[in-house]
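Colleague: So that you have it, the file is protein12.txt, and it contains compact mmCIF, C-alpha atoms and all ligand atoms:
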```
# COMPACT_ATOMS: atom_id res chain seq x y z
CA MET A 1 -24.58 -0.29 -272.67
CA CYS A 2 -23.07 -0.77 -269.25
CA TYR A 3 -24.06 -2.67 -266.14
CA ALA A 4 -21.32 -1.28 -263.95
CA ILE A 5 -19.47 2.00 -263.68
CA PRO A 6 -15.74 1.78 -263.12
CA GLY A 7 -14.73 3.11 -259.73
CA LYS A 8 -11.40 4.40 -258.46
CA VAL A 9 -9.84 2.65 -255.48
CA ILE A 10 -9.09 5.27 -252.85
CA GLU A 11 -8.35 3.17 -249.79
CA ILE A 12 -7.34 -0.42 -249.06
CA ASN A 13 -7.77 -2.26 -245.78
CA ASP A 14 -6.76 -5.90 -246.08
CA ASN A 15 -9.22 -7.29 -248.61
CA MET A 16 -11.71 -4.43 -248.33
CA VAL A 17 -11.37 -1.51 -250.68
CA THR A 18 -13.09 1.86 -250.71
CA VAL A 19 -14.12 2.91 -254.17
CA ASP A 20 -15.02 6.36 -255.46
CA TYR A 21 -17.77 6.89 -258.04
CA PHE A 22 -18.05 10.56 -258.99
CA GLY A 23 -17.57 11.60 -255.37
CA GLU A 24 -19.70 8.83 -253.80
CA THR A 25 -17.83 6.12 -251.95
CA ARG A 26 -18.69 2.44 -251.58
CA ARG A 27 -16.90 -0.58 -250.17
CA ALA A 28 -16.11 -3.82 -251.95
CA ARG A 29 -14.34 -7.07 -251.13
CA ASN A 30 -11.24 -7.75 -253.20
CA GLU A 31 -10.18 -11.38 -253.40
CA PHE A 32 -8.90 -11.73 -256.90
CA TYR A 33 -6.62 -8.79 -257.78
CA GLU A 34 -3.44 -6.99 -256.72
CA LEU A 35 -4.66 -3.47 -256.13
CA THR A 36 -3.13 -0.18 -255.13
CA SER A 37 -4.76 3.18 -254.49
CA GLY A 38 -5.62 4.88 -257.77
CA ASP A 39 -6.44 1.65 -259.62
CA TYR A 40 -9.75 1.41 -261.45
CA ILE A 41 -12.06 -1.53 -260.91
CA TYR A 42 -15.53 -2.85 -261.56
CA ALA A 43 -17.45 -4.13 -258.55
CA GLN A 44 -20.64 -6.19 -258.48
CA GLY A 45 -22.59 -7.27 -255.46
CA GLY A 46 -19.89 -5.88 -253.20
CA PHE A 47 -17.07 -7.88 -254.88
CA VAL A 48 -14.29 -6.50 -257.02
CA ILE A 49 -14.74 -8.48 -260.21
CA GLN A 50 -12.36 -6.76 -262.63
CA LYS A 51 -9.42 -4.39 -262.73
CA ILE A 52 -9.24 -2.12 -265.76
CA SER A 53 -6.69 0.32 -267.11
CA GLN A 54 -6.86 3.99 -266.22
CA ASP A 55 -7.27 4.97 -269.89
CA GLU A 56 -10.19 2.66 -270.40
CA ALA A 57 -11.83 3.75 -267.15
CA ILE A 58 -11.47 7.43 -267.86
CA GLY A 59 -13.00 6.98 -271.32
CA ILE A 60 -16.02 5.18 -269.87
CA LEU A 61 -16.41 7.63 -267.00
CA LYS A 62 -16.41 10.53 -269.44
CA ASP A 63 -19.39 8.98 -271.24
CA TRP A 64 -21.12 8.41 -267.92
CA GLN A 65 -20.49 11.68 -266.16
CA GLU A 66 -23.35 13.72 -267.53
CA LEU A 67 -25.82 10.85 -267.59
CA PHE A 68 -24.97 9.85 -264.00
CA PHE A 69 -26.18 13.17 -262.61
CA GLU A 70 -29.04 13.51 -265.08
CA LEU A 71 -30.48 10.14 -264.03
CA LYS A 72 -30.14 11.04 -260.36
CA ALA A 73 -32.12 14.22 -260.92
CA ILE A 74 -34.93 12.33 -262.70
CA ASP A 75 -35.09 9.77 -259.89
CA LEU A 76 -35.19 12.45 -257.21
CA ARG A 77 -37.95 14.33 -258.99
CA LEU A 78 -40.09 11.24 -259.57
CA THR A 79 -39.62 10.12 -255.97
CA LYS A 80 -40.82 13.47 -254.67
CA GLU A 81 -43.69 13.76 -257.13
CA SER A 82 -44.91 10.17 -256.79
CA LYS A 83 -48.67 9.82 -256.99
CA LEU A 84 -48.64 6.20 -255.89
CA LYS A 85 -50.27 5.22 -252.63
CA ASN A 86 -48.66 6.18 -249.39
CA LEU A 87 -47.00 2.87 -248.54
CA TYR A 88 -45.38 2.69 -251.97
CA GLN A 89 -44.22 6.30 -251.82
CA ILE A 90 -42.61 5.82 -248.43
CA ALA A 91 -40.81 2.68 -249.59
CA ASN A 92 -39.57 4.42 -252.72
CA SER A 93 -38.25 7.40 -250.73
CA ILE A 94 -36.40 5.03 -248.42
CA ARG A 95 -34.81 3.33 -251.43
CA GLN A 96 -33.83 6.68 -252.87
CA LYS A 97 -32.44 7.99 -249.59
CA HIS A 98 -30.35 4.95 -248.71
CA LEU A 99 -29.30 3.56 -252.05
CA GLY A 100 -29.74 6.31 -254.61
CA ASN A 101 -30.67 5.43 -258.14
CA SER A 102 -28.46 2.46 -258.83
CA CYS A 103 -30.17 -0.63 -260.17
CA CYS A 104 -28.39 -3.99 -260.38
CA ILE A 105 -28.89 -5.84 -263.63
CA HIS A 106 -28.05 -9.49 -263.75
CA GLY A 107 -28.26 -11.74 -266.76
CA ILE A 108 -29.79 -15.17 -266.30
CA ILE A 109 -29.12 -18.31 -268.31
CA GLU A 110 -31.52 -21.20 -267.82
CA PHE A 111 -29.35 -24.11 -268.83
CA SER A 112 -31.57 -27.11 -268.09
CA ASN A 113 -35.27 -27.62 -267.48
CA TYR A 114 -34.86 -31.14 -266.10
CA CYS A 115 -35.71 -31.41 -262.45
CA SER A 116 -35.80 -34.40 -260.15
CA ASN A 117 -38.25 -32.66 -257.81
CA ASN A 118 -41.97 -32.36 -257.90
CA CYS A 119 -42.86 -29.02 -256.35
CA PHE A 120 -46.62 -28.61 -256.71
CA TYR A 121 -46.33 -25.06 -258.00
CA CYS A 122 -43.72 -25.54 -260.70
CA GLY A 123 -44.23 -26.20 -264.40
CA ILE A 124 -40.91 -28.01 -264.86
CA ARG A 125 -41.64 -30.45 -262.03
CA ASN A 126 -40.55 -33.96 -262.79
CA SER A 127 -44.06 -35.32 -263.30
CA ASN A 128 -45.02 -32.80 -265.96
CA ILE A 129 -44.74 -34.89 -269.10
CA GLY A 130 -46.33 -32.11 -271.14
CA ILE A 131 -43.11 -30.13 -271.75
CA SER A 132 -40.07 -30.85 -273.88
CA ARG A 133 -36.92 -31.11 -271.82
CA TYR A 134 -33.52 -29.68 -272.73
CA ARG A 135 -30.12 -29.45 -271.15
CA MET A 136 -27.25 -27.41 -272.48
CA GLU A 137 -23.81 -28.98 -272.93
CA ILE A 138 -20.95 -27.56 -270.89
CA ASP A 139 -19.38 -25.73 -273.81
CA GLU A 140 -22.73 -24.32 -274.88
CA ILE A 141 -23.21 -22.81 -271.43
CA VAL A 142 -19.73 -21.35 -271.47
CA LYS A 143 -20.28 -19.92 -274.93
CA ILE A 144 -23.54 -18.20 -274.04
CA CYS A 145 -21.93 -16.71 -270.92
CA GLU A 146 -19.09 -15.40 -273.03
CA TYR A 147 -21.59 -13.95 -275.49
CA ALA A 148 -23.50 -12.22 -272.68
CA VAL A 149 -20.29 -10.72 -271.30
CA LYS A 150 -18.55 -9.73 -274.55
CA GLU A 151 -21.58 -8.72 -276.58
CA PHE A 152 -23.76 -7.14 -273.92
CA ASN A 153 -21.40 -6.21 -271.10
CA PHE A 154 -23.04 -8.23 -268.35
CA LYS A 155 -21.02 -8.14 -265.15
CA ALA A 156 -23.17 -10.59 -263.20
CA LEU A 157 -24.73 -13.79 -264.51
CA VAL A 158 -27.04 -16.30 -262.89
CA LEU A 159 -26.80 -19.91 -264.01
CA GLN A 160 -30.17 -21.50 -263.35
CA SER A 161 -31.59 -24.98 -263.80
CA GLY A 162 -33.96 -27.42 -262.21
CA GLU A 163 -32.27 -29.84 -259.83
CA ASP A 164 -30.68 -31.84 -262.58
CA PRO A 165 -28.29 -34.60 -261.45
CA TRP A 166 -26.88 -34.92 -264.98
CA TYR A 167 -24.71 -31.95 -263.94
CA THR A 168 -22.46 -33.81 -261.55
CA GLN A 169 -20.02 -31.99 -259.30
CA ASP A 170 -17.31 -32.53 -261.93
CA LYS A 171 -19.44 -31.05 -264.69
CA LEU A 172 -20.33 -28.03 -262.54
CA ILE A 173 -16.66 -27.53 -261.72
CA SER A 174 -15.81 -27.61 -265.38
CA ILE A 175 -18.56 -25.08 -266.19
CA VAL A 176 -17.50 -22.63 -263.47
CA GLU A 177 -13.80 -22.98 -264.28
CA LYS A 178 -14.30 -22.44 -267.99
CA ILE A 179 -16.60 -19.46 -267.52
CA LEU A 180 -14.40 -17.66 -265.02
CA ARG A 181 -11.18 -18.33 -266.94
CA ASN A 182 -12.06 -15.64 -269.48
CA ASN A 183 -14.98 -13.72 -268.04
CA PRO A 184 -14.63 -11.38 -265.08
CA ILE A 185 -18.12 -11.59 -263.60
CA LEU A 186 -20.05 -12.19 -260.44
CA LEU A 187 -21.17 -15.76 -261.14
CA ILE A 188 -24.34 -16.75 -259.35
CA LEU A 189 -25.50 -20.36 -259.00
CA SER A 190 -29.18 -21.23 -258.97
CA ILE A 191 -28.92 -25.00 -259.05
CA GLY A 192 -30.99 -26.04 -256.05
CA GLU A 193 -30.07 -28.24 -253.14
CA ARG A 194 -26.60 -29.61 -253.79
CA ASP A 195 -24.39 -30.93 -251.07
CA ILE A 196 -22.33 -28.32 -249.32
CA GLU A 197 -19.06 -29.84 -250.60
CA THR A 198 -20.12 -29.03 -254.16
CA TYR A 199 -20.91 -25.46 -253.21
CA LYS A 200 -17.54 -25.22 -251.40
CA ARG A 201 -15.66 -26.41 -254.48
CA LEU A 202 -17.53 -24.00 -256.73
CA TYR A 203 -16.81 -21.17 -254.30
CA SER A 204 -13.12 -22.03 -254.31
CA LEU A 205 -13.20 -21.71 -258.09
CA GLY A 206 -14.55 -18.18 -257.87
CA SER A 207 -18.33 -18.40 -258.00
CA ARG A 208 -19.63 -15.94 -255.44
CA GLY A 209 -23.43 -15.89 -255.68
CA ALA A 210 -26.10 -18.43 -254.75
CA LEU A 211 -29.81 -18.13 -255.39
CA LEU A 212 -31.93 -20.39 -253.25
CA ARG A 213 -35.39 -19.40 -252.12
CA PHE A 214 -36.97 -20.95 -249.06
CA GLU A 215 -40.31 -20.62 -250.93
CA THR A 216 -42.51 -20.28 -247.82
CA SER A 217 -41.84 -19.87 -244.12
CA ASN A 218 -44.99 -21.88 -243.34
CA ASN A 219 -43.78 -25.35 -242.47
CA PHE A 220 -47.10 -27.01 -243.23
CA LEU A 221 -47.33 -25.43 -246.70
CA TYR A 222 -43.68 -26.15 -247.41
CA GLU A 223 -44.04 -29.85 -246.76
CA LYS A 224 -47.33 -29.97 -248.64
CA TYR A 225 -46.01 -28.29 -251.79
CA ARG A 226 -42.45 -29.63 -251.76
CA PRO A 227 -42.92 -33.36 -251.21
CA ALA A 228 -39.99 -35.12 -249.52
CA HIS A 229 -38.36 -31.84 -248.51
CA LYS A 230 -37.91 -30.13 -245.17
CA LEU A 231 -38.00 -26.38 -244.64
CA GLN A 232 -35.41 -26.58 -241.92
CA GLU A 233 -32.91 -28.29 -244.21
CA ARG A 234 -33.42 -25.64 -246.84
CA ILE A 235 -32.86 -22.88 -244.30
CA GLU A 236 -29.73 -24.60 -242.97
CA LEU A 237 -28.32 -24.81 -246.48
CA ILE A 238 -28.99 -21.11 -247.11
CA LYS A 239 -27.24 -20.28 -243.83
CA GLU A 240 -24.28 -22.47 -244.72
CA LEU A 241 -23.94 -20.81 -248.11
CA LYS A 242 -24.00 -17.43 -246.44
CA ALA A 243 -21.35 -18.57 -243.96
CA LEU A 244 -19.14 -19.74 -246.84
CA GLY A 245 -19.19 -16.18 -248.18
CA TYR A 246 -21.71 -16.48 -250.99
CA PHE A 247 -23.77 -13.45 -252.01
CA ILE A 248 -27.21 -14.80 -251.15
CA PHE A 249 -30.43 -14.34 -253.07
CA THR A 250 -33.38 -15.71 -251.19
CA GLY A 251 -37.10 -15.26 -250.79
CA PHE A 252 -40.49 -16.80 -251.27
CA LEU A 253 -43.60 -17.16 -253.38
CA ILE A 254 -46.66 -15.00 -252.86
CA GLY A 255 -50.08 -16.46 -253.60
CA LEU A 256 -49.68 -20.11 -252.72
CA PRO A 257 -53.05 -21.55 -251.75
CA GLY A 258 -53.45 -21.61 -247.97
CA GLN A 259 -50.98 -18.76 -247.46
CA ASN A 260 -52.40 -15.82 -245.49
CA GLN A 261 -51.27 -12.26 -244.73
CA GLU A 262 -49.49 -13.34 -241.59
CA ASP A 263 -47.54 -15.96 -243.55
CA ILE A 264 -46.34 -13.29 -245.97
CA LEU A 265 -45.16 -11.10 -243.09
CA ASN A 266 -43.39 -14.13 -241.66
CA ASP A 267 -41.85 -14.77 -245.08
CA ILE A 268 -40.45 -11.24 -245.16
CA LYS A 269 -39.15 -11.64 -241.62
CA LEU A 270 -37.55 -15.02 -242.29
CA ALA A 271 -35.90 -13.64 -245.41
CA GLY A 272 -34.58 -10.76 -243.27
CA VAL A 273 -33.22 -13.11 -240.61
CA LEU A 274 -31.21 -14.86 -243.31
CA GLU A 275 -29.60 -11.49 -244.13
CA PRO A 276 -29.75 -11.89 -247.88
CA ASP A 277 -27.69 -9.74 -250.16
CA MET A 278 -30.69 -9.77 -252.47
CA PHE A 279 -34.34 -10.37 -251.66
CA SER A 280 -35.92 -12.44 -254.43
CA PHE A 281 -39.63 -13.00 -254.05
CA GLY A 282 -42.52 -12.79 -256.42
CA PRO A 283 -45.97 -13.96 -257.40
CA PHE A 284 -46.90 -17.58 -257.77
CA ILE A 285 -48.29 -17.96 -261.29
CA PRO A 286 -50.29 -21.16 -261.69
CA HIS A 287 -49.19 -23.58 -264.36
CA PRO A 288 -51.99 -25.69 -265.87
CA ASN A 289 -50.02 -28.95 -265.84
CA THR A 290 -49.48 -28.91 -262.08
CA PRO A 291 -51.59 -29.81 -259.05
CA LEU A 292 -52.07 -26.06 -258.41
CA GLY A 293 -53.14 -25.28 -261.96
CA ASP A 294 -56.61 -23.99 -261.00
CA VAL A 295 -55.50 -21.55 -258.35
CA LYS A 296 -56.11 -17.82 -258.85
CA GLN A 297 -52.96 -15.77 -259.25
CA PRO A 298 -52.20 -13.10 -256.63
CA SER A 299 -52.98 -9.43 -257.22
CA LEU A 300 -50.36 -6.94 -258.36
CA ASP A 301 -51.09 -4.96 -255.22
CA SER A 302 -50.17 -7.88 -252.96
CA ILE A 303 -46.73 -8.09 -254.56
CA LEU A 304 -46.09 -4.34 -254.50
CA THR A 305 -47.17 -4.28 -250.86
CA ALA A 306 -44.65 -7.01 -250.02
CA ILE A 307 -41.90 -5.14 -251.89
CA SER A 308 -42.74 -1.91 -250.06
CA ARG A 309 -42.87 -3.55 -246.66
CA THR A 310 -39.56 -5.28 -247.27
CA ARG A 311 -37.96 -1.98 -248.27
CA ILE A 312 -39.32 -0.29 -245.15
CA MET A 313 -38.17 -3.11 -242.88
CA TYR A 314 -34.74 -3.47 -244.53
CA PRO A 315 -33.88 -0.01 -245.90
CA LYS A 316 -30.48 -0.87 -247.34
CA SER A 317 -31.37 -4.15 -248.97
CA ARG A 318 -31.30 -5.06 -252.60
CA ILE A 319 -34.74 -6.12 -253.78
CA LEU A 320 -35.31 -7.83 -257.09
CA VAL A 321 -38.25 -7.35 -259.42
CA THR A 322 -38.77 -10.94 -260.55
CA SER A 323 -39.75 -11.82 -264.09
CA ALA A 324 -42.87 -13.40 -262.55
CA LEU A 325 -43.93 -9.90 -261.46
CA GLU A 326 -43.15 -8.62 -264.94
CA THR A 327 -45.33 -11.43 -266.27
CA LEU A 328 -48.17 -10.73 -263.82
CA ASP A 329 -48.47 -7.21 -265.21
CA ARG A 330 -46.69 -7.07 -268.53
CA GLN A 331 -47.30 -3.37 -268.98
CA ASN A 332 -46.34 -2.02 -265.57
CA GLY A 333 -44.92 -4.80 -263.38
CA LEU A 334 -41.26 -3.86 -263.72
CA ARG A 335 -41.79 -0.10 -263.49
CA LEU A 336 -44.11 -0.33 -260.50
CA GLY A 337 -41.85 -2.80 -258.69
CA LEU A 338 -38.98 -0.33 -259.08
CA LEU A 339 -41.18 2.57 -257.94
CA CYS A 340 -42.28 0.70 -254.79
CA GLY A 341 -38.84 0.07 -253.39
CA ALA A 342 -37.14 -2.51 -255.60
CA ASN A 343 -33.72 -1.83 -257.11
CA SER A 344 -32.70 -4.82 -259.12
CA LEU A 345 -33.76 -6.89 -262.11
CA MET A 346 -32.70 -9.75 -264.31
CA ILE A 347 -32.55 -10.08 -268.06
CA ASP A 348 -32.96 -13.51 -269.57
CA VAL A 349 -30.10 -14.32 -271.92
CA THR A 350 -30.99 -17.96 -272.46
CA PRO A 351 -30.78 -18.85 -276.16
CA GLU A 352 -34.17 -18.24 -277.75
CA LYS A 353 -34.74 -21.88 -278.72
CA TYR A 354 -34.70 -22.88 -275.03
CA GLN A 355 -36.39 -19.91 -273.41
CA LYS A 356 -39.97 -20.95 -273.97
CA LEU A 357 -39.19 -24.42 -272.64
CA TYR A 358 -38.08 -23.12 -269.24
CA GLU A 359 -41.71 -22.98 -268.33
CA ILE A 360 -41.83 -22.81 -264.54
CA TYR A 361 -45.01 -20.82 -265.12
CA PRO A 362 -46.86 -20.03 -268.34
CA GLY A 363 -46.72 -16.90 -270.46
CA ARG A 364 -43.28 -15.81 -269.27
CA ILE A 365 -42.59 -12.27 -270.32
CA ARG A 366 -40.27 -11.55 -273.22
CA THR A 367 -39.74 -15.15 -274.31
CA ASP A 368 -40.91 -13.99 -277.72
CA THR A 369 -38.51 -11.08 -278.20
CA LYS A 370 -34.84 -11.00 -279.12
CA ILE A 371 -32.22 -10.46 -276.42
CA THR A 372 -31.20 -7.13 -277.94
CA GLU A 373 -34.79 -5.88 -277.88
CA ARG A 374 -35.25 -6.99 -274.30
CA ILE A 375 -32.12 -5.17 -273.22
CA SER A 376 -33.08 -1.97 -275.04
CA SER A 377 -36.59 -1.93 -273.59
CA VAL A 378 -35.26 -2.43 -270.05
CA LEU A 379 -32.64 0.30 -270.47
CA GLU A 380 -35.23 2.65 -271.89
CA LEU A 381 -37.51 2.06 -268.93
CA LEU A 382 -34.67 2.59 -266.46
CA HIS A 383 -33.73 5.81 -268.16
CA SER A 384 -37.32 7.07 -268.02
CA ILE A 385 -37.43 6.62 -264.24
CA GLY A 386 -33.90 7.83 -263.61
CA ARG A 387 -32.25 4.58 -262.61
CA ALA A 388 -28.63 3.91 -263.47
CA PRO A 389 -28.10 0.37 -264.80
CA THR A 390 -25.27 -0.30 -262.44
CA ASP A 391 -24.71 -1.72 -258.98
CA LEU A 392 -22.63 0.70 -256.96
CA GLY A 393 -23.00 -1.45 -253.86
CA LEU A 394 -23.38 -0.29 -250.28
N1 LIG A 401 -44.73 -19.18 -260.38
C1 LIG A 401 -43.76 -18.34 -259.95
N2 LIG A 401 -42.55 -18.76 -259.54
C2 LIG A 401 -42.32 -20.10 -259.55
N3 LIG A 401 -41.24 -20.81 -259.20
C3 LIG A 401 -41.50 -22.10 -259.42
N4 LIG A 401 -42.75 -22.25 -259.91
C4 LIG A 401 -43.28 -21.01 -260.00
C5 LIG A 401 -44.54 -20.50 -260.44
N5 LIG A 401 -45.49 -21.31 -260.87
C6 LIG A 401 -40.04 -20.23 -258.62
C7 LIG A 401 -39.66 -20.88 -257.30
C8 LIG A 401 -38.24 -21.32 -257.51
C9 LIG A 401 -37.80 -20.46 -258.67
C10 LIG A 401 -36.67 -21.01 -259.46
O1 LIG A 401 -38.95 -20.39 -259.48
O2 LIG A 401 -39.74 -19.92 -256.25
O3 LIG A 401 -37.42 -21.14 -256.39
FE1 LIG A 402 -37.53 -28.21 -259.49
FE2 LIG A 402 -37.18 -25.77 -258.53
FE3 LIG A 402 -39.31 -26.37 -260.00
FE4 LIG A 402 -39.10 -27.34 -257.54
S1 LIG A 402 -39.28 -25.15 -258.10
S2 LIG A 402 -39.72 -28.50 -259.37
S3 LIG A 402 -36.91 -27.71 -257.39
S4 LIG A 402 -37.21 -26.35 -260.68
```
Have the structure of the file written as C-alpha cells, please.
Modeller:
Amino acid sequence: MCYAIPGKVIEINDNMVTVDYFGETRRARNEFYELTSGDYIYAQGGFVIQKISQDEAIGILKDWQELFFELKAIDLRLTKESKLKNLYQIANSIRQKHLGNSCCIHGIIEFSNYCSNNCFYCGIRNSNIGISRYRMEIDEIVKICEYAVKEFNFKALVLQSGEDPWYTQDKLISIVEKILRNNPILLILSIGERDIETYKRLYSLGSRGALLRFETSNNFLYEKYRPAHKLQERIELIKELKALGYFIFTGFLIGLPGQNQEDILNDIKLAGVLEPDMFSFGPFIPHPNTPLGDVKQPSLDSILTAISRTRIMYPKSRILVTSALETLDRQNGLRLGLLCGANSLMIDVTPEKYQKLYEIYPGRIRTDTKITERISSVLELLHSIGRAPTDLGL
C-alpha cells in the first residue's frame, strides 16, 4: 500500500526541486531537507516531506513500475469510453489531460467533537445535547497519527475537530511538535477559526496544510446559518493562511436551504478566487438534531455538476470527493465523483470508538467498517478506474 511514489530529484533551484517520476517531471517545495541532484524523495501537496535512501526508493519503484503504466492505460481507456453525460465526460477528460491519473489520499483523524459554535447545519453544534462528546488526549492523537503513518503508509494527515478551546495554543503546539518529530508527513489542520498567531506558530513547527471552508459565498445565508460569524472574516483568515504558505483546502456546502443555482456558481468562483490547493465542497446532509433537520438533501447530480464545473473552470486544481458525497450515494458517490473531474479523497483513520460520535451529519459512510477494510475497498476502487493512489503534484 502506498500513498506516494518516490521521485528522483533532477534539478534544484533555491527551495524548488524538479522531481522525476518514471519520466514525468513535477515541482515541489523543499524546506526541510538537504538535497542534491539524484536524491530520492517523497512529495505531498507540492512539498518535499521525506528523503529516502536510493536502495529503498529503487525497491519501491520496481514494484510500482508495471502498475504505474497499467493504471494509466485503464484511466485513459475509461476516460475515452465514458458513457456519462457530456458535462461529466468533458470534466473527466480535462482532469486526465492536465493531471493524469494520480489521486491524492489523505488520512483524517477527528480528534474532538466538542464545538463552541452553533452552525445550523452541523450535528456537533454546541446546542446538540443529543450526542456524546469526546476529545482525544495529546498522546492519543500522536499515537494514532503514528499508527496511520507506520501501519498504513499515510503521507498526509488531516487533524480535524470542532472549534474546541480545550486545545489551547500550547496544546496544539505540543501535538504538532510530537507528531512531526517522528512522522514525515504533510500535516493538515482543520481546527476552525483560531487566531493567526496560533496558525503562524503551528506553521513554524512544520504543519503545512489548513482546511477551512467558507461554507457559502452568500452573505445573507452565511450570517443566518453561522450565528455570530462574518463571512468576510472567514475569507480574510483563509487569505492570511494562504499568504503564510499553507496548502489551502477550502469550499462550501451544496444544498443549504435558500441557496440557488447562482449561489453555487458564486461559491465555485469564490473558491477559485482564493486559489485553493484543494477544492473541498460537498452536499449538505441534514442532521435531525439541528434547526435544518427537516430539509431535503441535495441530489447526486447537483454535486457531480458542481465538481464538473469546477474542473472545467480550474483545469489543474485538486478536487476532493468528500465523505458526505460518499454518504449521499454509498454505492457510487466516490466512483462517480472521481469520474466527473475529482482527483482526491480522504480515508477516516479515527479510532473506531470515536468515529460514530463525530456526527456532523448522520449515517456517515464506513463508520461501521474497520480501517483496514476501508483502505482495501478504496484501493480496489481506484485500481478498477485506473487511478494511482499517489499525489504526484503539478
Ligand atoms: N452535512 C455536510 N457537511 C457538513 N459540515 C457540517 N455540517 C454538515 C452537514 N450536515 C461540514 C462543514 C464544515 C465541515 C467540517 O463539515 O462544511 O466546514
Ligand atoms: Fe462547529 Fe464546524 Fe460544526 Fe460549525 S461546522 S458547529 S464550526 S464543527
Colleague: At a cut-off of 10 Å, using only C-alpha atoms, what residues contact A:Leu211? Leave out same-chain residues fewer than 3 positions from it and give the result as a VMD selection string.
Modeller: chain A and resid 158 to 160 188 to 192 214 238 241 246 to 251 276 278 to 280
Colleague: Give me the residues near stretch 67-75 of chain A as number ranges by chain, where near means some atom within 9 Å (using all atoms listed in the file) and where sequence neighbours in that chain fewer than 2 positions away do not count.
Modeller: A: 22, 63-65, 77-80, 96, 100-102, 382-388
Colleague: Considering only C-alpha atoms and all ligand atoms, give me a table of residues in chain A that are at most 8 Å from ligand LIG 401 (chain A), with the closest atom pair and distance in Å for each, as CSV.
Modeller:
```
residue,atom,partner,partner_atom,distance
A:Cys119,CA,A:LIG401,N4,7.6
A:Tyr121,CA,A:LIG401,N5,4.8
A:Cys122,CA,A:LIG401,N4,3.5
A:Gly123,CA,A:LIG401,N4,6.2
A:Ile124,CA,A:LIG401,N4,7.8
A:Gln160,CA,A:LIG401,C10,7.6
A:Ser161,CA,A:LIG401,C10,7.8
A:Gly162,CA,A:LIG401,C10,7.5
A:Ser190,CA,A:LIG401,C10,7.5
A:Leu212,CA,A:LIG401,O3,6.4
A:Arg213,CA,A:LIG401,O3,5.0
A:Phe214,CA,A:LIG401,O3,7.3
A:Glu215,CA,A:LIG401,O2,5.4
A:Gly251,CA,A:LIG401,O2,7.6
A:Phe252,CA,A:LIG401,O2,5.9
A:Leu253,CA,A:LIG401,O2,5.5
A:Phe281,CA,A:LIG401,O2,7.3
A:Gly282,CA,A:LIG401,C1,6.7
A:Pro283,CA,A:LIG401,C1,5.5
A:Phe284,CA,A:LIG401,N1,3.8
A:Ile285,CA,A:LIG401,N1,3.9
A:Pro286,CA,A:LIG401,N5,4.9
A:His287,CA,A:LIG401,N5,5.6
A:Ala324,CA,A:LIG401,C1,5.7
A:Ile360,CA,A:LIG401,N4,4.8
A:Tyr361,CA,A:LIG401,N5,4.3
A:Pro362,CA,A:LIG401,N5,7.7
```
Colleague: Pick the closest to ligand LIG 402 (chain A) from A:Leu256, A:Leu381, A:Cys115, A:Ile179: which is it, counting all atoms listed in the file?
Modeller: A:Cys115
Colleague: Pick the closest to A:Leu202 from A:Gln169, A:Thr369, A:Asn118, A:Gln54: which is it, counting all atoms listed in the file?
Modeller: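 Of all the options, A:Gln169 lies closest to A:Leu202.
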Colleague: Excluding A:Asn30 and residues on its chain fewer than 5 positions from it, collect all residues at most 6 Å away from it, counting only C-alpha atoms, and give them as a ChimeraX atom specification.
Modeller: /A:15-16,48
Colleague: Do you know which residues are at most 8 Å from A:Met136 counting all atoms listed in the file, after dropping those on the same chain fewer than 3 positions away, and could you put them as a ChimeraX atom specification?
Modeller: /A:111-112,140-141
Colleague: I'd like the interatomic distance between atom CA of A:Ile371 and atom CA of A:Ala306, to a tenth of an Å.
Modeller: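 Interatomic distance here is 29.4 Å.
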Colleague: From the options A:Glu233, A:Glu193, A:Asp55, A:Asp170, which residue's atoms come nearest to ligand LIG 402 (chain A), counting all atoms listed in the file?
Modeller: A:Glu193
Colleague: Just give me the gap between atom CA of A:Pro389 and atom CA of A:Tyr3 in Å, one decimal is fine.
Modeller: 5.2 Å
Colleague: Neighbours of A:Met346 within 10 Å (only C-alpha atoms; same-chain residues fewer than 6 positions away dropped), as a ChimeraX atom specification?
Modeller: /A:104-108,156-158,320-323,378
Colleague: Looking at only C-alpha atoms, which of A:Lys200, A:Ile268, A:Cys145, A:Asp368 is the one that sits closest to A:Lys356?
Modeller: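 The shortest atom-to-atom distance to A:Lys356 comes from A:Asp368.
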Colleague: Hey, which of A:Thr18, A:Ser93, A:Asn218, A:Ser116 ends up closest to A:Cys340? Count only C-alpha atoms.
Modeller: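 Comparing A:Thr18, A:Ser93, A:Asn218, A:Ser116 against A:Cys340, the winner is A:Ser93.
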Colleague: For each of A:Leu244, A:Ala271, A:Leu304, A:Leu392, take the minimum atom-to-atom distance to A:Leu339, counting all atoms listed in the file, then give the residue where this is smallest.
Modeller: A:Leu304
Colleague: To one decimal place in Å, what is the distance between atom CA of A:Leu180 and atom CA of A:Leu345?
Modeller: 22.3 Å
